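These notes are about the structure you will find just below.
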Amino acid sequence: MTRHQPLIALVGNPNAGKSALFNALTGARQKIANYPGVTVERKSGRFAFADGRPAELIDLPGSYSLDPTSPDEAVTRDVVMGRQAGERQPDALVIVLDSANLDQHLVFALELLALGLPTVIALNMVDLAERDGLTLDATRLAADLGVPVIPTVAVRRRGLTELAGALDAVILAKQVPHAPLGEPDMRARRRRAEHIATAAIVSQTQSRRWTDRADSLLLHPFAGPLVLFALLFVIFQAVFSWATPFADALEAGAAALAELATATIPEGFFRSLVVDGVIAGVGSVVVFLPQIVILFFFILMMEATGYMARAAFIMDRLMASVGLSGRSFIPLLSSFACAIPGIMATRSISDEKDRLTTILIAPLMTCSARLPVYTVIIAAFIPEIAVGPGIGLQGLVLFGLYVFGIIGAMVVALVLRSTVAKGGASGFLMEMPKYQMPRIADLALGLWQRAWLFLRRAGTIIFAVTIGLWLLLSYPQVPAGSSMSQSEYSAAGRIAGVIEPIVAPIGFSRDIALALIPAMAAREVAVSALATTYAIDATDEDEQAQALGERLAGRWSLPTALAFLAWFVFAPQCISTIAVTRRETNGWKWPMFMVGYLFGLAWIAAGITFWTATAFGL
Amino acid sequence: MLLDQLPTGQRAEIAAIDWSILPPDEGKRLRALGVDEGAMVSIRQRGIFFGRDPIALDIGRMTVAIRRVHARAITLRAPETAA
């Protein structure tokens, strides 16, 4: 009998459906932490046997062998061998195999079985194997490997009860594999794996019909890049147009709330705090929730269907031209939603210089926090006209800003790869998973997690920063009859006065300098900061009723607005990104470098934009 | 013949791999993905626009993206004629 709660590790090749199985077994009872000393995630969750006894389940990083080529794979090896600091050796392993890729996945399985731990094999994704014309004999496989083999379909919750039962039995009996087979050499293991796989395959047709057909289009040398480019374009148009009705509704809600607060709270300090501070500030950011949800929807879809790896394949050529590989495309695309998960996703890049370069350019990808800034400025200054069927000028400008960021990132990567991150040409070796239908519930869970994270940020960081700014803006109060506006006279205005000379040459007023300070916490705060500043300065009822966009259009020149957009393409205004870079590079050197070079580029880009636009008389 | 010269869609067996011209880690990764002497491979797609890089290689029931530099290290036995 085990005295403690058993520890069970899920282990297997990448793309075996390990995480889906982990989700299916643990539900929402998950805990994500880091292994001490390394930047590898430890995903654990609670799981219960049929009679309710609990066990702890950990999801180990996908690996091809116990001979690691990345920090992730090293953790997998150390945990299963009981050598990982802060982790006891698992009481049992669940080896997850992709049924449709048995001969390949058995190679690693044989290596794991030789460890002699109680083991159950999950023969996962049997439905997809059947779809591809493959019938397997699980009993034969169990006999050959000497451990229980349970057919599962994690995403459809099939085989989970049987898996739990088998695990319970092997742990109680301390049943270790009886057939192993300490094959020290990978080639010998591979031969044996092929032998066992051949015996277990009852019938097969050598076809991956759906994947083959899809790839003949999606990986086509000409059609493939066009499809990818069209998809990216659709994503950015969708972000702008589909979100509008929802954003309008949220905006109307915030306005109604402000009206209600104005009507019920007596005039004075508290009303101003609620209406000008909280509702104007937080409301102006929450409005962007629909856009963020739409963007994440597309990214999660690309990942869940298996298309993301194809996108990496198509982008490899372009990435190679700046010294990176297609592998960097996935972290960079995630950075379009948020640089933080993007920077964390660089862990799968095995080449250290590649990884460093990818981390340093990730903040140049237009993250969702820039959308609030871009959208407000574009809506206020770019006319809503069509430049072609279904293509609006506003969407086109937004697309242009994304492209600007990408080109900037490419140039920076090229420079970094020949200076501070110099190194040999990196290779591109990557398995491309089969296509599959995403499960709606998993998508919905992913979207909900992202939306909640954003709302929590709006509710905490943005809320606190907005109130702090409102206080600094409201006091000291401008004396009656002064020619200065309240925001100029306030404490915040005086601080902004110090940085104003630095940003004045690039067309930024004191109000903008003021908005840039709290925006260090998060870029979208710039919007709420502007909203708060102009709400406080509003002199009469009519002006107070104006939306932020109208207020901006009345106060800023077009060159200033364009320079402001260019600034945010580069400016590293996000504390969380700087913190995650520090963690992932183990020190302050690289985050400081990143902040320095990005502020430099932001100033130059905004300056060039401002001076050019002014010269053209815009 | 080198894998780099294999026409798209034809199957062939890997005869030899010159590990010495590949970085050690990439050699290890290739082997882990099953790219080793004796494996049957075919090229699913290659290149983007007019480039010949990267290569989508079919091996077993798996598709693996590799670069041309890897394909140049891999020698094939005479390919079977396409069925």
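Ligands are numbered from 1 in the order shown, residues from 1 within each chain, and chains are lettered A, B, ... in the order they appear in the structure tokens.
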Within 10 Å of region 43-45 of chain B, counting only C-alpha atoms, which residues show up once you throw out same-chain ones fewer than 6 positions away? Write them as a PyMOL selection string, please.
(chain A and resi 212+215-221) or (chain B and resi 3-4+6-12+52-59+63-65)
Expected file contents, prior selection, N, CA, C and O atoms, as an mmCIF file, in the first residue's frame:
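selection15.cif written:
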data_model
loop_
_atom_site.group_PDB
_atom_site.id
_atom_site.type_symbol
_atom_site.label_atom_id
_atom_site.label_comp_id
_atom_site.auth_asym_id
_atom_site.auth_seq_id
_atom_site.Cartn_x
_atom_site.Cartn_y
_atom_site.Cartn_z
ATOM 1 N N ASP A 212 -3.598 14.417 -46.335
ATOM 2 C CA ASP A 212 -2.948 14.494 -47.648
ATOM 3 C C ASP A 212 -3.598 15.559 -48.520
ATOM 4 O O ASP A 212 -2.927 16.375 -49.141
ATOM 5 N N ASP A 215 -2.976 19.073 -47.195
ATOM 6 C CA ASP A 215 -1.605 19.523 -47.381
ATOM 7 C C ASP A 215 -1.279 19.846 -48.832
ATOM 8 O O ASP A 215 -0.437 20.705 -49.098
ATOM 9 N N SER A 216 -1.945 19.153 -49.774
ATOM 10 C CA SER A 216 -1.618 19.431 -51.170
ATOM 11 C C SER A 216 -2.018 20.856 -51.528
ATOM 12 O O SER A 216 -1.478 21.454 -52.456
ATOM 13 N N LEU A 217 -2.947 21.422 -50.761
ATOM 14 C CA LEU A 217 -3.281 22.835 -50.957
ATOM 15 C C LEU A 217 -2.492 23.723 -49.983
ATOM 16 O O LEU A 217 -1.831 24.677 -50.388
ATOM 17 N N LEU A 218 -2.544 23.379 -48.699
ATOM 18 C CA LEU A 218 -2.032 24.291 -47.673
ATOM 19 C C LEU A 218 -0.505 24.357 -47.624
ATOM 20 O O LEU A 218 0.050 25.323 -47.127
ATOM 21 N N LEU A 219 0.168 23.310 -48.132
ATOM 22 C CA LEU A 219 1.634 23.358 -48.187
ATOM 23 C C LEU A 219 2.126 23.618 -49.606
ATOM 24 O O LEU A 219 3.317 23.564 -49.877
ATOM 25 N N HIS A 220 1.198 23.866 -50.526
ATOM 26 C CA HIS A 220 1.587 24.098 -51.917
ATOM 27 C C HIS A 220 2.514 25.311 -52.000
ATOM 28 O O HIS A 220 2.274 26.320 -51.337
ATOM 29 N N PRO A 221 3.580 25.200 -52.824
ATOM 30 C CA PRO A 221 4.554 26.300 -52.871
ATOM 31 C C PRO A 221 3.944 27.669 -53.193
ATOM 32 O O PRO A 221 4.449 28.691 -52.731
ATOM 33 N N LEU B 3 18.841 12.947 -50.952
ATOM 34 C CA LEU B 3 17.417 13.201 -50.701
ATOM 35 C C LEU B 3 16.988 14.534 -51.317
ATOM 36 O O LEU B 3 15.853 14.693 -51.768
ATOM 37 N N ASP B 4 17.923 15.465 -51.363
ATOM 38 C CA ASP B 4 17.630 16.774 -51.931
ATOM 39 C C ASP B 4 17.163 16.687 -53.383
ATOM 40 O O ASP B 4 16.462 17.564 -53.880
ATOM 41 N N LEU B 6 15.459 14.040 -54.706
ATOM 42 C CA LEU B 6 14.316 13.135 -54.874
ATOM 43 C C LEU B 6 13.094 13.922 -55.357
ATOM 44 O O LEU B 6 12.700 14.903 -54.745
ATOM 45 N N PRO B 7 12.488 13.472 -56.479
ATOM 46 C CA PRO B 7 11.293 14.189 -56.952
ATOM 47 C C PRO B 7 10.132 14.015 -55.964
ATOM 48 O O PRO B 7 10.013 12.977 -55.318
ATOM 49 N N THR B 8 9.288 15.044 -55.866
ATOM 50 C CA THR B 8 8.137 15.014 -54.963
ATOM 51 C C THR B 8 7.270 13.787 -55.247
ATOM 52 O O THR B 8 7.005 13.477 -56.405
ATOM 53 N N GLY B 9 6.852 13.107 -54.193
ATOM 54 C CA GLY B 9 5.919 12.004 -54.343
ATOM 55 C C GLY B 9 6.558 10.634 -54.523
ATOM 56 O O GLY B 9 5.877 9.627 -54.398
ATOM 57 N N GLN B 10 7.855 10.564 -54.834
ATOM 58 C CA GLN B 10 8.494 9.249 -54.998
ATOM 59 C C GLN B 10 9.030 8.739 -53.684
ATOM 60 O O GLN B 10 9.593 9.501 -52.902
ATOM 61 N N ARG B 11 8.871 7.418 -53.468
ATOM 62 C CA ARG B 11 9.384 6.832 -52.235
ATOM 63 C C ARG B 11 10.786 6.284 -52.443
ATOM 64 O O ARG B 11 11.111 5.785 -53.513
ATOM 65 N N ALA B 12 11.603 6.387 -51.408
ATOM 66 C CA ALA B 12 12.959 5.860 -51.505
ATOM 67 C C ALA B 12 13.457 5.486 -50.119
ATOM 68 O O ALA B 12 12.927 5.950 -49.104
ATOM 69 N N ARG B 52 13.677 26.240 -52.674
ATOM 70 C CA ARG B 52 13.622 24.787 -52.571
ATOM 71 C C ARG B 52 13.658 24.378 -51.099
ATOM 72 O O ARG B 52 13.868 23.235 -50.757
ATOM 73 N N ASP B 53 13.439 25.321 -50.216
ATOM 74 C CA ASP B 53 13.476 25.135 -48.780
ATOM 75 C C ASP B 53 12.165 25.600 -48.179
ATOM 76 O O ASP B 53 11.587 26.552 -48.694
ATOM 77 N N PRO B 54 11.655 25.054 -47.095
ATOM 78 C CA PRO B 54 12.044 23.789 -46.472
ATOM 79 C C PRO B 54 11.392 22.599 -47.181
ATOM 80 O O PRO B 54 10.757 22.783 -48.220
ATOM 81 N N ILE B 55 11.534 21.412 -46.616
ATOM 82 C CA ILE B 55 10.993 20.197 -47.219
ATOM 83 C C ILE B 55 10.062 19.518 -46.224
ATOM 84 O O ILE B 55 10.414 19.375 -45.059
ATOM 85 N N ALA B 56 8.867 19.141 -46.693
ATOM 86 C CA ALA B 56 7.955 18.357 -45.852
ATOM 87 C C ALA B 56 8.173 16.895 -46.217
ATOM 88 O O ALA B 56 7.832 16.465 -47.315
ATOM 89 N N LEU B 57 8.778 16.164 -45.291
ATOM 90 C CA LEU B 57 9.199 14.798 -45.562
ATOM 91 C C LEU B 57 8.219 13.829 -44.910
ATOM 92 O O LEU B 57 7.934 13.945 -43.719
ATOM 93 N N ASP B 58 7.716 12.862 -45.694
ATOM 94 C CA ASP B 58 6.869 11.820 -45.123
ATOM 95 C C ASP B 58 7.743 10.666 -44.694
ATOM 96 O O ASP B 58 8.553 10.164 -45.487
ATOM 97 N N ILE B 59 7.579 10.260 -43.455
ATOM 98 C CA ILE B 59 8.329 9.110 -42.971
ATOM 99 C C ILE B 59 7.387 8.304 -42.090
ATOM 100 O O ILE B 59 6.848 8.824 -41.128
ATOM 101 N N THR B 63 4.686 13.308 -40.810
ATOM 102 C CA THR B 63 5.275 14.297 -41.699
ATOM 103 C C THR B 63 6.208 15.168 -40.872
ATOM 104 O O THR B 63 5.839 15.615 -39.791
ATOM 105 N N VAL B 64 7.419 15.373 -41.398
ATOM 106 C CA VAL B 64 8.423 16.129 -40.657
ATOM 107 C C VAL B 64 8.953 17.232 -41.567
ATOM 108 O O VAL B 64 9.239 16.994 -42.730
ATOM 109 N N ALA B 65 9.056 18.435 -41.009
ATOM 110 C CA ALA B 65 9.653 19.527 -41.772
ATOM 111 C C ALA B 65 11.158 19.510 -41.551
ATOM 112 O O ALA B 65 11.615 19.443 -40.417
#
Which residues are close to Val35 (chain B), i.e. within 10 Å by only C-alpha atoms, leaving aside same-chain residues fewer than 5 positions away? Reply as an MDAnalysis selection string.
chainID B and resid 14 17 27:30 40:41 57:60 64 74
Give me, as a PyMOL selection string, the contact residues of chain A against chain B at a cut-off of 7 Å, counting only C-alpha atoms.
chain A and resi 64-65+69+100-101+104+219-222+313-314+316-317+427-432
Atoms to include: N, CA, C and O atoms. Write the selected residues as a PDB file, in the first residue's frame.
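Contents of out-v8.pdb, as written:
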ATOM      1  N   TYR A  64      11.092  12.937 -27.458  1.00  0.00           N
ATOM      2  CA  TYR A  64      11.303  11.841 -28.391  1.00  0.00           C
ATOM      3  C   TYR A  64      12.164  10.743 -27.779  1.00  0.00           C
ATOM      4  O   TYR A  64      12.164   9.617 -28.261  1.00  0.00           O
ATOM      5  N   SER A  65      12.942  11.109 -26.743  1.00  0.00           N
ATOM      6  CA  SER A  65      13.773  10.093 -26.107  1.00  0.00           C
ATOM      7  C   SER A  65      14.249  10.621 -24.760  1.00  0.00           C
ATOM      8  O   SER A  65      13.984  11.767 -24.399  1.00  0.00           O
ATOM      9  N   THR A  69      17.322  17.062 -26.083  1.00  0.00           N
ATOM     10  CA  THR A  69      17.899  18.101 -26.931  1.00  0.00           C
ATOM     11  C   THR A  69      17.352  19.481 -26.568  1.00  0.00           C
ATOM     12  O   THR A  69      17.628  20.445 -27.261  1.00  0.00           O
ATOM     13  N   ALA A 100      -2.170   6.344 -34.551  1.00  0.00           N
ATOM     14  CA  ALA A 100      -1.887   6.407 -35.981  1.00  0.00           C
ATOM     15  C   ALA A 100      -0.393   6.509 -36.254  1.00  0.00           C
ATOM     16  O   ALA A 100       0.029   6.538 -37.404  1.00  0.00           O
ATOM     17  N   ASN A 101       0.420   6.564 -35.219  1.00  0.00           N
ATOM     18  CA  ASN A 101       1.853   6.748 -35.413  1.00  0.00           C
ATOM     19  C   ASN A 101       2.617   5.812 -34.485  1.00  0.00           C
ATOM     20  O   ASN A 101       3.609   6.180 -33.866  1.00  0.00           O
ATOM     21  N   GLN A 104       6.542   4.930 -34.577  1.00  0.00           N
ATOM     22  CA  GLN A 104       7.382   6.032 -34.119  1.00  0.00           C
ATOM     23  C   GLN A 104       7.285   6.209 -32.601  1.00  0.00           C
ATOM     24  O   GLN A 104       8.286   6.315 -31.907  1.00  0.00           O
ATOM     25  N   LEU A 219       0.168  23.310 -48.132  1.00  0.00           N
ATOM     26  CA  LEU A 219       1.634  23.358 -48.187  1.00  0.00           C
ATOM     27  C   LEU A 219       2.126  23.618 -49.606  1.00  0.00           C
ATOM     28  O   LEU A 219       3.317  23.564 -49.877  1.00  0.00           O
ATOM     29  N   HIS A 220       1.198  23.866 -50.526  1.00  0.00           N
ATOM     30  CA  HIS A 220       1.587  24.098 -51.917  1.00  0.00           C
ATOM     31  C   HIS A 220       2.514  25.311 -52.000  1.00  0.00           C
ATOM     32  O   HIS A 220       2.274  26.320 -51.337  1.00  0.00           O
ATOM     33  N   PRO A 221       3.580  25.200 -52.824  1.00  0.00           N
ATOM     34  CA  PRO A 221       4.554  26.300 -52.871  1.00  0.00           C
ATOM     35  C   PRO A 221       3.944  27.669 -53.193  1.00  0.00           C
ATOM     36  O   PRO A 221       4.449  28.691 -52.731  1.00  0.00           O
ATOM     37  N   PHE A 222       2.868  27.699 -53.958  1.00  0.00           N
ATOM     38  CA  PHE A 222       2.261  28.991 -54.286  1.00  0.00           C
ATOM     39  C   PHE A 222       0.939  29.211 -53.548  1.00  0.00           C
ATOM     40  O   PHE A 222       0.719  30.272 -52.961  1.00  0.00           O
ATOM     41  N   PHE A 313       5.879  26.087 -41.335  1.00  0.00           N
ATOM     42  CA  PHE A 313       6.582  25.568 -42.509  1.00  0.00           C
ATOM     43  C   PHE A 313       6.662  26.650 -43.595  1.00  0.00           C
ATOM     44  O   PHE A 313       7.710  26.903 -44.177  1.00  0.00           O
ATOM     45  N   ILE A 314       5.520  27.285 -43.834  1.00  0.00           N
ATOM     46  CA  ILE A 314       5.468  28.303 -44.886  1.00  0.00           C
ATOM     47  C   ILE A 314       6.338  29.508 -44.522  1.00  0.00           C
ATOM     48  O   ILE A 314       6.983  30.107 -45.376  1.00  0.00           O
ATOM     49  N   ASP A 316       9.014  29.451 -42.722  1.00  0.00           N
ATOM     50  CA  ASP A 316      10.422  29.130 -42.451  1.00  0.00           C
ATOM     51  C   ASP A 316      11.374  29.864 -43.384  1.00  0.00           C
ATOM     52  O   ASP A 316      12.404  30.365 -42.975  1.00  0.00           O
ATOM     53  N   ARG A 317      10.990  29.928 -44.669  1.00  0.00           N
ATOM     54  CA  ARG A 317      11.861  30.562 -45.659  1.00  0.00           C
ATOM     55  C   ARG A 317      12.131  32.026 -45.308  1.00  0.00           C
ATOM     56  O   ARG A 317      13.252  32.494 -45.312  1.00  0.00           O
ATOM     57  N   GLY A 427      18.777  25.197 -37.659  1.00  0.00           N
ATOM     58  CA  GLY A 427      18.037  24.230 -38.465  1.00  0.00           C
ATOM     59  C   GLY A 427      16.552  24.348 -38.206  1.00  0.00           C
ATOM     60  O   GLY A 427      16.116  25.060 -37.311  1.00  0.00           O
ATOM     61  N   PHE A 428      15.782  23.685 -38.994  1.00  0.00           N
ATOM     62  CA  PHE A 428      14.334  23.666 -38.814  1.00  0.00           C
ATOM     63  C   PHE A 428      13.911  22.214 -38.908  1.00  0.00           C
ATOM     64  O   PHE A 428      13.930  21.627 -39.978  1.00  0.00           O
ATOM     65  N   LEU A 429      13.614  21.641 -37.775  1.00  0.00           N
ATOM     66  CA  LEU A 429      13.205  20.247 -37.730  1.00  0.00           C
ATOM     67  C   LEU A 429      11.950  20.212 -36.897  1.00  0.00           C
ATOM     68  O   LEU A 429      11.970  20.585 -35.740  1.00  0.00           O
ATOM     69  N   MET A 430      10.857  19.782 -37.500  1.00  0.00           N
ATOM     70  CA  MET A 430       9.617  19.888 -36.765  1.00  0.00           C
ATOM     71  C   MET A 430       8.624  18.877 -37.279  1.00  0.00           C
ATOM     72  O   MET A 430       8.476  18.710 -38.484  1.00  0.00           O
ATOM     73  N   GLU A 431       7.958  18.201 -36.343  1.00  0.00           N
ATOM     74  CA  GLU A 431       6.936  17.255 -36.742  1.00  0.00           C
ATOM     75  C   GLU A 431       5.661  18.020 -37.078  1.00  0.00           C
ATOM     76  O   GLU A 431       5.318  18.981 -36.404  1.00  0.00           O
ATOM     77  N   MET A 432       4.991  17.608 -38.162  1.00  0.00           N
ATOM     78  CA  MET A 432       3.736  18.277 -38.506  1.00  0.00           C
ATOM     79  C   MET A 432       2.572  17.348 -38.188  1.00  0.00           C
ATOM     80  O   MET A 432       2.428  16.288 -38.807  1.00  0.00           O
TER      81      MET A 432
END
What does the structure give for the distance between CA of Arg131 (chain A) and CA of Trp210 (chain A), in Å to one decimal?
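So the answer is 9.1 Å.
Within 8 Å of Pro54 (chain A), once only C-alpha atoms are used and residues closer than 6 positions along the same chain are dropped, the contacting residues are Gln5, Pro6, Arg46, Phe47 and Ala48 of chain A.
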So, with only C-alpha atoms as the atoms that count, which of A:Trp588, A:Tyr475, A:Phe336, A:Phe233 lies closest to Ser490 (chain A)?
A:Tyr475
Residues near Val153 (chain A), anyone? I mean within 6 Å using only C-alpha atoms, not counting same-chain ones fewer than 5 positions away, as a PyMOL selection string.
chain A and resi 124-125+158
With only C-alpha atoms as the counted atoms, please give the residues lying no more than 12 Å from Gln89 (chain A), apart from itself and same-chain residues fewer than 4 positions off, as a list in words.
Pro6, Leu7, Ile8, Ala9, Ile58, Thr76, Arg77, Asp78, Val79, Val80, Met81, Gly82, Arg83, Gln84, Ala85, Leu93, Leu115, Gly116, Leu117 and Pro118 of chain A
Write out as a list of chain:residue names each polymer residue whose atoms come within 9 Å of Arg77 (chain B), counting only C-alpha atoms; drop sequence neighbours fewer than 3 positions from it.
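Counting only the stated atoms, we get B:Met1, B:Leu2, B:Ala12, B:Glu13, B:Ile14, B:Ala15, B:Ala16, B:Glu80.
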I'd like to know which residues of region 195-275 of chain A are helix (DSSP H, G or I) (by DSSP, run on the backbone); could you write them as a PyMOL selection string?
chain A and resi 195-200+209-218+223-241+244-264+269-275
Please report, as a PyMOL selection string, each residue of region 1-58 of chain B to which DSSP assigns strand (DSSP E) when run on this structure's backbone.
chain B and resi 11-17+40-46+55-58
